[in-house]
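Q: File follows, input.cif with mmCIF, C-alpha atoms:
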```
data_my_file
loop_
_atom_site.label_atom_id
_atom_site.label_comp_id
_atom_site.auth_asym_id
_atom_site.auth_seq_id
_atom_site.Cartn_x
_atom_site.Cartn_y
_atom_site.Cartn_z
CA MET G 1 -48.70 -13.09 168.83
CA SER G 2 -50.74 -13.45 165.69
CA VAL G 3 -53.48 -15.79 164.60
CA LEU G 4 -51.00 -17.48 162.25
CA VAL G 5 -48.51 -17.99 165.08
CA ALA G 6 -51.17 -19.51 167.30
CA THR G 7 -52.25 -21.82 164.48
CA ALA G 8 -48.67 -22.95 163.97
CA VAL G 9 -48.25 -23.60 167.68
CA THR G 10 -51.45 -25.64 167.70
CA ALA G 11 -50.18 -27.72 164.79
CA ALA G 12 -46.87 -28.28 166.56
CA ALA G 13 -48.69 -29.38 169.72
CA VAL G 14 -50.61 -31.93 167.69
CA ALA G 15 -47.37 -33.12 166.14
CA ALA G 16 -46.02 -33.66 169.65
CA ALA G 17 -48.41 -36.57 170.00
CA GLY G 18 -45.95 -38.81 168.16
CA SER G 19 -44.11 -41.29 170.39
CA ALA G 20 -40.62 -39.77 170.05
CA PRO G 21 -41.71 -36.18 170.80
CA LEU G 22 -43.79 -37.44 173.72
CA ALA G 23 -40.78 -39.25 175.17
CA TYR G 24 -38.66 -36.10 174.86
CA ARG G 25 -41.45 -34.05 176.40
CA ALA G 26 -41.63 -36.41 179.38
CA VAL G 27 -37.88 -36.11 179.97
CA ARG G 28 -37.96 -32.29 179.78
CA LYS G 29 -40.96 -32.15 182.10
CA ARG G 30 -39.09 -34.19 184.71
CA GLN G 31 -36.03 -31.96 184.37
CA ARG G 32 -38.12 -28.80 184.71
CA ALA G 33 -39.96 -30.24 187.71
CA ALA G 34 -36.65 -30.93 189.46
CA GLU G 35 -35.40 -27.41 188.69
CA ALA G 36 -38.64 -25.90 189.96
CA ARG G 37 -38.77 -27.80 193.25
CA ILE G 38 -39.24 -25.61 196.32
CA ASP G 39 -38.29 -27.32 199.58
CA THR G 40 -37.44 -24.43 201.90
CA PRO G 41 -39.15 -24.57 205.33
CA ALA G 42 -41.24 -21.45 204.72
CA GLY G 43 -41.75 -22.04 201.02
CA ILE G 44 -44.97 -22.38 199.09
CA ALA G 45 -45.67 -24.16 195.81
CA GLU G 46 -49.31 -24.67 195.12
CA GLY G 47 -51.90 -24.47 192.40
CA ARG G 48 -55.58 -24.21 193.18
CA TYR G 49 -58.96 -23.18 191.90
CA VAL G 50 -60.56 -20.28 193.72
CA SER G 51 -64.09 -18.97 193.21
CA ILE G 52 -63.61 -15.51 191.71
CA GLY G 53 -66.65 -13.61 190.47
CA GLY G 54 -68.66 -16.81 190.67
CA VAL G 55 -66.20 -18.67 188.40
CA GLU G 56 -63.57 -21.25 189.38
CA GLN G 57 -60.30 -19.58 188.39
CA TRP G 58 -56.78 -21.02 188.58
CA LEU G 59 -54.03 -19.54 190.73
CA GLN G 60 -50.42 -20.71 190.85
CA ILE G 61 -48.54 -19.51 193.95
CA ARG G 62 -44.81 -20.11 194.33
CA GLY G 63 -42.00 -18.74 196.48
CA GLU G 64 -39.23 -19.79 198.86
CA ASP G 65 -40.47 -17.74 201.82
CA ARG G 66 -44.07 -16.77 202.55
CA ALA G 67 -42.76 -13.67 204.31
CA ASN G 68 -41.40 -12.28 201.03
CA PRO G 69 -43.34 -9.59 199.14
CA VAL G 70 -46.19 -10.90 196.99
CA LEU G 71 -46.00 -10.29 193.25
CA LEU G 72 -49.37 -10.70 191.50
CA VAL G 73 -48.78 -11.13 187.75
CA VAL G 74 -51.55 -9.93 185.42
CA HIS G 75 -50.90 -11.65 182.10
CA GLY G 76 -51.18 -10.31 178.59
CA GLY G 77 -52.57 -11.72 175.40
CA PRO G 78 -55.25 -10.90 176.55
CA GLY G 79 -55.61 -14.69 176.56
CA SER G 80 -52.04 -15.82 177.35
CA PRO G 81 -51.41 -16.96 180.95
CA TYR G 82 -47.83 -16.24 181.95
CA SER G 83 -47.49 -19.28 184.21
CA VAL G 84 -45.82 -20.99 181.24
CA PHE G 85 -42.79 -18.77 181.92
CA THR G 86 -42.34 -20.17 185.44
CA PRO G 87 -39.05 -22.00 184.64
CA VAL G 88 -37.27 -18.80 183.58
CA LEU G 89 -38.58 -16.96 186.66
CA ARG G 90 -37.22 -19.46 189.20
CA GLU G 91 -34.74 -16.93 190.65
CA TRP G 92 -37.60 -14.49 191.26
CA GLU G 93 -39.08 -16.96 193.73
CA ARG G 94 -36.13 -16.43 196.09
CA TYR G 95 -37.26 -12.84 196.66
CA PHE G 96 -41.00 -12.82 195.92
CA THR G 97 -44.03 -15.02 196.28
CA VAL G 98 -45.11 -15.06 192.64
CA VAL G 99 -48.82 -15.43 191.92
CA GLN G 100 -49.89 -16.36 188.39
CA TRP G 101 -53.59 -16.02 187.59
CA ASP G 102 -55.34 -17.67 184.62
CA ARG G 103 -58.18 -15.25 183.81
CA ARG G 104 -61.65 -16.09 182.54
CA GLY G 105 -61.50 -18.08 179.33
CA CYS G 106 -57.75 -18.69 179.70
CA GLY G 107 -55.56 -21.69 180.47
CA ARG G 108 -56.69 -23.88 183.31
CA THR G 109 -59.58 -21.58 184.14
CA LEU G 110 -60.93 -22.32 180.67
CA ARG G 111 -60.46 -26.03 181.19
CA ARG G 112 -62.43 -26.01 184.45
CA SER G 113 -65.03 -23.31 183.80
CA GLY G 114 -65.37 -23.16 180.03
CA LEU G 115 -65.41 -20.21 177.67
CA HIS G 116 -68.23 -17.68 177.92
CA PRO G 117 -67.51 -14.79 175.50
CA GLU G 118 -70.31 -12.65 176.93
CA GLU G 119 -68.37 -12.48 180.22
CA LEU G 120 -65.16 -11.30 178.57
CA THR G 121 -65.18 -7.58 179.29
CA PHE G 122 -62.28 -5.66 180.73
CA ASP G 123 -64.53 -4.26 183.45
CA ARG G 124 -65.38 -7.81 184.51
CA LEU G 125 -61.69 -8.79 184.48
CA VAL G 126 -60.80 -5.78 186.64
CA ASP G 127 -63.43 -6.84 189.17
CA ASP G 128 -61.98 -10.36 189.10
CA GLY G 129 -58.45 -9.03 189.58
CA ILE G 130 -59.43 -7.05 192.64
CA GLU G 131 -61.06 -10.15 194.11
CA VAL G 132 -57.90 -12.16 193.36
CA ALA G 133 -55.77 -9.55 195.15
CA GLU G 134 -58.07 -9.67 198.18
CA TYR G 135 -57.90 -13.46 198.26
CA VAL G 136 -54.11 -13.56 197.91
CA ARG G 137 -53.66 -10.96 200.62
CA GLU G 138 -55.72 -12.99 203.09
CA HIS G 139 -54.37 -16.39 202.00
CA LEU G 140 -50.74 -15.32 202.38
CA GLY G 141 -51.23 -13.03 205.38
CA GLN G 142 -49.89 -9.99 203.57
CA SER G 143 -51.37 -6.50 203.90
CA ARG G 144 -50.64 -5.45 200.30
CA VAL G 145 -49.20 -6.89 197.10
CA ILE G 146 -47.14 -5.65 194.16
CA LEU G 147 -49.14 -5.74 190.95
CA MET G 148 -47.14 -6.52 187.82
CA ALA G 149 -49.04 -6.15 184.53
CA GLY G 150 -47.56 -7.18 181.20
CA SER G 151 -48.64 -6.22 177.69
CA MET G 152 -52.45 -6.33 177.49
CA GLY G 153 -52.42 -6.99 181.21
CA THR G 154 -51.99 -3.20 181.25
CA ILE G 155 -55.67 -2.89 180.35
CA VAL G 156 -56.61 -4.84 183.49
CA GLY G 157 -53.82 -3.76 185.84
CA LEU G 158 -54.04 0.02 185.52
CA PRO G 159 -57.75 0.16 186.49
CA MET G 160 -57.08 -2.23 189.37
CA VAL G 161 -54.59 0.07 191.06
CA ARG G 162 -56.65 3.15 190.26
CA ARG G 163 -59.79 1.64 191.80
CA ARG G 164 -58.24 -0.07 194.85
CA PRO G 165 -54.86 1.49 195.72
CA ASP G 166 -55.31 0.22 199.29
CA LEU G 167 -54.62 -3.33 198.06
CA PHE G 168 -51.31 -2.61 196.37
CA SER G 169 -47.88 -1.47 197.50
CA ALA G 170 -46.79 -0.68 193.93
CA TYR G 171 -47.63 -1.00 190.25
CA VAL G 172 -45.07 -2.47 187.83
CA GLY G 173 -45.81 -2.19 184.11
CA SER G 174 -43.97 -3.99 181.33
CA ASP G 175 -44.56 -4.32 177.57
CA PHE G 176 -46.73 -1.28 178.22
CA TYR G 177 -49.63 -0.30 175.96
CA VAL G 178 -50.61 3.38 175.95
CA ASN G 179 -52.98 4.01 173.04
CA MET G 180 -53.71 0.93 170.94
CA ILE G 181 -54.62 2.71 167.70
CA GLU G 182 -51.51 4.89 167.78
CA ASN G 183 -49.32 1.93 168.80
CA GLU G 184 -50.56 -0.16 165.89
CA ARG G 185 -50.26 2.71 163.41
CA ARG G 186 -46.63 3.30 164.39
CA GLY G 187 -45.95 -0.41 164.67
CA ARG G 188 -47.11 -1.09 161.12
CA ALA G 189 -44.99 1.77 159.76
CA GLU G 190 -41.84 0.74 161.64
CA THR G 191 -42.23 -2.93 160.69
CA LEU G 192 -42.70 -1.96 157.05
CA GLU G 193 -39.41 -0.03 157.20
CA ARG G 194 -37.58 -3.11 158.53
CA LEU G 195 -39.13 -5.33 155.87
CA ARG G 196 -38.18 -2.95 153.06
CA ALA G 197 -34.62 -2.65 154.38
CA ALA G 198 -34.35 -6.45 154.42
CA GLY G 199 -35.81 -6.78 150.93
CA ASN G 200 -38.62 -8.99 152.24
CA ARG G 201 -41.14 -8.65 149.43
CA ARG G 202 -43.68 -11.00 150.97
CA GLY G 203 -43.76 -9.09 154.24
CA VAL G 204 -43.85 -5.74 152.48
CA ALA G 205 -46.83 -6.86 150.40
CA ALA G 206 -48.64 -8.13 153.49
CA LEU G 207 -48.26 -4.86 155.40
CA GLU G 208 -48.84 -2.60 152.41
CA ALA G 209 -52.19 -4.38 152.04
CA LEU G 210 -53.18 -3.08 155.50
CA ASP G 211 -54.80 0.33 155.72
CA PRO G 212 -52.41 2.73 157.51
CA ASP G 213 -55.37 3.58 159.78
CA PRO G 214 -55.88 0.70 162.27
CA HIS G 215 -59.46 1.85 162.87
CA THR G 216 -60.34 -0.09 159.71
CA TRP G 217 -58.62 -3.34 160.74
CA ASP G 218 -60.24 -6.55 161.81
CA PHE G 219 -58.71 -9.23 164.02
CA LYS G 220 -57.01 -10.92 161.07
CA ALA G 221 -55.38 -7.65 159.97
CA TRP G 222 -54.08 -7.02 163.48
CA GLY G 223 -52.66 -10.55 163.51
CA THR G 224 -50.77 -9.79 160.31
CA ARG G 225 -49.14 -6.74 161.88
CA MET G 226 -48.18 -8.76 164.96
CA GLN G 227 -46.81 -11.66 162.93
CA TRP G 228 -44.44 -9.53 160.89
CA SER G 229 -43.41 -7.27 163.77
CA MET G 230 -42.32 -10.25 165.86
CA ALA G 231 -40.70 -12.01 162.91
CA THR G 232 -38.55 -8.93 162.19
CA ASP G 233 -37.71 -8.15 165.80
CA PRO G 234 -33.97 -7.34 165.63
CA THR G 235 -33.38 -8.39 169.24
CA THR G 236 -35.46 -11.53 169.82
CA PRO G 237 -37.01 -12.60 166.51
CA ASN G 238 -39.84 -15.11 166.75
CA ALA G 239 -39.76 -15.21 170.54
CA VAL G 240 -42.99 -17.18 170.53
CA PHE G 241 -41.32 -20.15 168.84
CA ARG G 242 -37.97 -19.84 170.58
CA LEU G 243 -39.20 -19.20 174.13
CA LEU G 244 -42.92 -19.52 174.77
CA PHE G 245 -43.61 -22.57 172.63
CA PRO G 246 -40.99 -24.90 174.21
CA LEU G 247 -42.02 -23.77 177.70
CA LEU G 248 -45.70 -24.40 177.00
CA LEU G 249 -45.08 -27.92 175.75
CA THR G 250 -42.79 -28.88 178.66
CA LYS G 251 -44.52 -27.19 181.60
CA PRO G 252 -44.15 -29.85 184.33
CA ASP G 253 -47.75 -29.78 185.54
CA TYR G 254 -49.36 -29.46 182.07
CA SER G 255 -50.97 -32.38 180.30
CA LEU G 256 -51.52 -32.17 176.56
CA ARG G 257 -55.12 -31.23 177.40
CA ASP G 258 -53.78 -28.29 179.39
CA VAL G 259 -51.65 -27.27 176.39
CA ALA G 260 -54.70 -27.47 174.16
CA ALA G 261 -56.76 -25.40 176.63
CA TRP G 262 -54.04 -22.72 176.75
CA LEU G 263 -53.99 -22.50 172.96
CA LYS G 264 -57.77 -22.47 172.67
CA GLY G 265 -58.03 -19.69 175.22
CA PHE G 266 -55.36 -17.65 173.45
CA ASN G 267 -57.21 -17.81 170.13
CA LYS G 268 -60.75 -17.38 171.39
CA VAL G 269 -60.14 -14.66 173.99
CA ASN G 270 -58.05 -12.54 171.65
CA ALA G 271 -60.73 -12.72 168.97
CA ALA G 272 -63.59 -12.08 171.40
CA MET G 273 -61.92 -9.02 172.96
CA TYR G 274 -60.37 -7.49 169.83
CA GLU G 275 -62.74 -4.54 169.50
CA GLN G 276 -62.40 -3.78 173.22
CA PHE G 277 -58.62 -3.75 173.37
CA MET G 278 -58.31 -1.72 170.18
CA ARG G 279 -60.23 1.08 171.96
CA PHE G 280 -57.79 1.17 174.88
CA ASP G 281 -56.21 4.50 175.84
CA ALA G 282 -54.30 4.56 179.12
CA ARG G 283 -54.58 8.35 179.39
CA ALA G 284 -58.37 8.06 179.58
CA LEU G 285 -57.85 6.40 182.97
CA GLY G 286 -55.77 9.33 184.22
CA THR G 287 -52.07 9.61 184.92
CA THR G 288 -52.18 10.19 188.68
CA PHE G 289 -51.65 7.19 190.94
CA GLU G 290 -51.76 6.74 194.71
CA VAL G 291 -49.14 3.97 194.66
CA PRO G 292 -45.54 3.97 193.43
CA PHE G 293 -45.42 3.50 189.66
CA TYR G 294 -42.66 1.56 187.90
CA LEU G 295 -42.17 0.92 184.19
CA PHE G 296 -39.66 -1.76 183.18
CA GLN G 297 -39.59 -2.00 179.40
CA GLY G 298 -37.47 -3.72 176.78
CA ALA G 299 -35.44 -0.92 175.20
CA GLN G 300 -35.95 -2.37 171.71
CA ASP G 301 -39.62 -3.40 171.98
CA VAL G 302 -41.22 -3.57 168.52
CA VAL G 303 -44.66 -4.70 169.72
CA THR G 304 -45.48 -2.26 172.52
CA LEU G 305 -43.42 0.66 171.31
CA ILE G 306 -40.92 2.49 173.49
CA ASP G 307 -41.59 6.13 172.64
CA PRO G 308 -45.29 6.14 173.60
CA ALA G 309 -44.49 4.36 176.87
CA VAL G 310 -41.73 6.84 177.77
CA GLU G 311 -43.97 9.77 176.86
CA TYR G 312 -46.74 8.41 179.07
CA PHE G 313 -44.33 7.78 181.95
CA ALA G 314 -43.26 11.44 181.85
CA GLU G 315 -46.87 12.41 182.54
CA VAL G 316 -47.34 10.04 185.50
CA ARG G 317 -47.75 11.54 188.94
CA ALA G 318 -47.18 9.07 191.78
CA PRO G 319 -45.62 8.98 195.28
CA GLU G 320 -42.57 7.46 193.61
CA LYS G 321 -41.82 6.44 190.04
CA GLU G 322 -38.99 4.81 188.12
CA LEU G 323 -38.35 3.98 184.48
CA VAL G 324 -35.95 1.18 183.52
CA LEU G 325 -35.24 0.44 179.86
CA ILE G 326 -33.69 -3.01 179.58
CA GLU G 327 -31.06 -3.09 176.86
CA GLY G 328 -31.03 -6.07 174.57
CA ALA G 329 -34.70 -6.79 175.23
CA SER G 330 -37.82 -6.36 173.16
CA HIS G 331 -41.30 -7.64 173.98
CA PHE G 332 -41.41 -10.20 176.82
CA ALA G 333 -38.51 -8.38 178.49
CA ALA G 334 -39.35 -10.03 181.83
CA PHE G 335 -38.89 -13.46 180.29
CA THR G 336 -36.03 -12.91 177.85
CA ARG G 337 -33.97 -10.94 180.40
CA PRO G 338 -35.30 -12.31 183.72
CA GLY G 339 -32.11 -11.50 185.65
CA GLN G 340 -32.06 -7.84 184.63
CA PHE G 341 -35.78 -7.59 185.22
CA LEU G 342 -35.39 -9.11 188.69
CA GLU G 343 -32.71 -6.56 189.53
CA ALA G 344 -35.21 -3.82 188.68
CA LEU G 345 -37.99 -5.54 190.62
CA ARG G 346 -35.89 -5.68 193.75
CA SER G 347 -35.79 -1.87 193.74
CA VAL G 348 -39.59 -1.69 194.04
CA ARG G 349 -40.92 -0.27 197.28
CA CYS G 350 -42.84 -3.13 198.91
#
```
Would you kindly transcribe this structure into structure tokens?

A:
Amino acid sequence: MSVLVATAVTAAAVAAAGSAPLAYRAVRKRQRAAEARIDTPAGIAEGRYVSIGGVEQWLQIRGEDRANPVLLVVHGGPGSPYSVFTPVLREWERYFTVVQWDRRGCGRTLRRSGLHPEELTFDRLVDDGIEVAEYVREHLGQSRVILMAGSMGTIVGLPMVRRRPDLFSAYVGSDFYVNMIENERRGRAETLERLRAAGNRRGVAALEALDPDPHTWDFKAWGTRMQWSMATDPTTPNAVFRLLFPLLLTKPDYSLRDVAAWLKGFNKVNAAMYEQFMRFDARALGTTFEVPFYLFQGAQDVVTLIDPAVEYFAEVRAPEKELVLIEGASHFAAFTRPGQFLEALRSVRC
């Protein structure tokens, strides 16, 4: 998502304060709460703060049977907690205990513990993630968990499984970043082609104004690339507005203050970590893993591009590996095609 998208979402959230939108929001929240209810004897549906790295961090834990495999979701953004997608993942909770973690400076963790930019390093987040996995393992009585990392969650998830393979039964990557500079260079070029083909002069002018070399970009320039790439996505255009935005505003356990905290974290964390994530290169971490490695990617992803991900996957050495390209899906494949993604997840060695 871009800075402009986040600003628009913020404005829409403010607009929701009118009486009619608030009434609609209340109705949708009740409907979503009913759909999300877990009442099986061995089920779990809880949200709690846990002290992680000396900071109170929010965990959401949901599933119909505590004996099911644990799926720890490492969100992207890097400031975008994926718990907002809970309603579309309801079927997953029949087969997995799904753990959503709001990282430092994000979502409900931001609301409780504040924003401290000096703490926002990927090394710190990896340490936090390992501590979360240890907590979840003990809390749920499971020996190991599946780690699922999406988008910029890649930058946290890959080092987690490299450093502590004993904690994890498998790694699942989605919306997979390989080399940020190369991804953005290709992404700008491909988006420019789509804009020219569509005769979109405004978009063409915006991207032609960007240096072809992303090394020279700032956070605003990167936001421009993201904005136009998502707007011209041939599979799921403007997924932020069509999917994420309605879910954020109608999350059953979110107050408007929670919505505001989510949006604030998205903006501030992305800006604070921009220079760090633009330096990311997955190959620098190595391509040999001690746990099974799975890559489930939208076959038409225009944000985290397919070719680099497939090329990287070919280099991976792991006890077991599998690549699934989900047709009809772009970025956010797990959330736009949750049924197909679940089918792939159920093939993961637990």

Q: Nearest residue to G:Arg112 out of G:Thr154, G:Gln31, G:Ser51, G:Gln60, using all atoms listed in the file?

A: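 Looking only at the distances to G:Arg112, the closest residue turns out to be G:Ser51.
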
Q: If the PyMOL selection byres ((chain G and resi 162-176) around 7) is run on the structure shown, which residues does it catch, given as number ranges by chain?

A: G: 133, 144-151, 154, 158-161, 177-178, 289-297, 304, 309, 331-332, 349-350

Q: As a check of understanding, name the residues that the PyMOL selection byres ((chain G and resi 195) around 12) selects in the supplied structure, as a VMD selection string.

A: chain G and resid 188 to 194 196 to 208 225 228 to 234

Q: What separation in Å, quoted to one decimal, exists between atom CA of G:Thr97 and atom CA of G:Arg62?

A: 5.5 Å

Q: How would you write, as a list in words, the residues chosen by the PyMOL selection byres ((chain G and resi 64) around 7) on this structure?

A: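 Here the PyMOL selection byres ((chain G and resi 64) around 7) matches Ile38, Thr40, Ala42, Gly43, Ile44, Gly63, Asp65, Arg66, Glu93 and Arg94 of chain G.
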
Q: Which is closest to G:Leu325 among G:Asp102, G:Glu56, G:Glu311, G:Asp301, if we use all atoms listed in the file?

A: G:Asp301

Q: So that I can check the surroundings of stretch 257-266 of chain G, please list as a PyMOL selection string every protein, DNA and RNA residue that reaches within 9 Å of it, counting only C-alpha atoms and ignoring chain neighbours fewer than 2 positions away.

A: chain G and resi 6-7+9-10+13-14+77-81+104-111+115+248-249+251+253-255+268-271
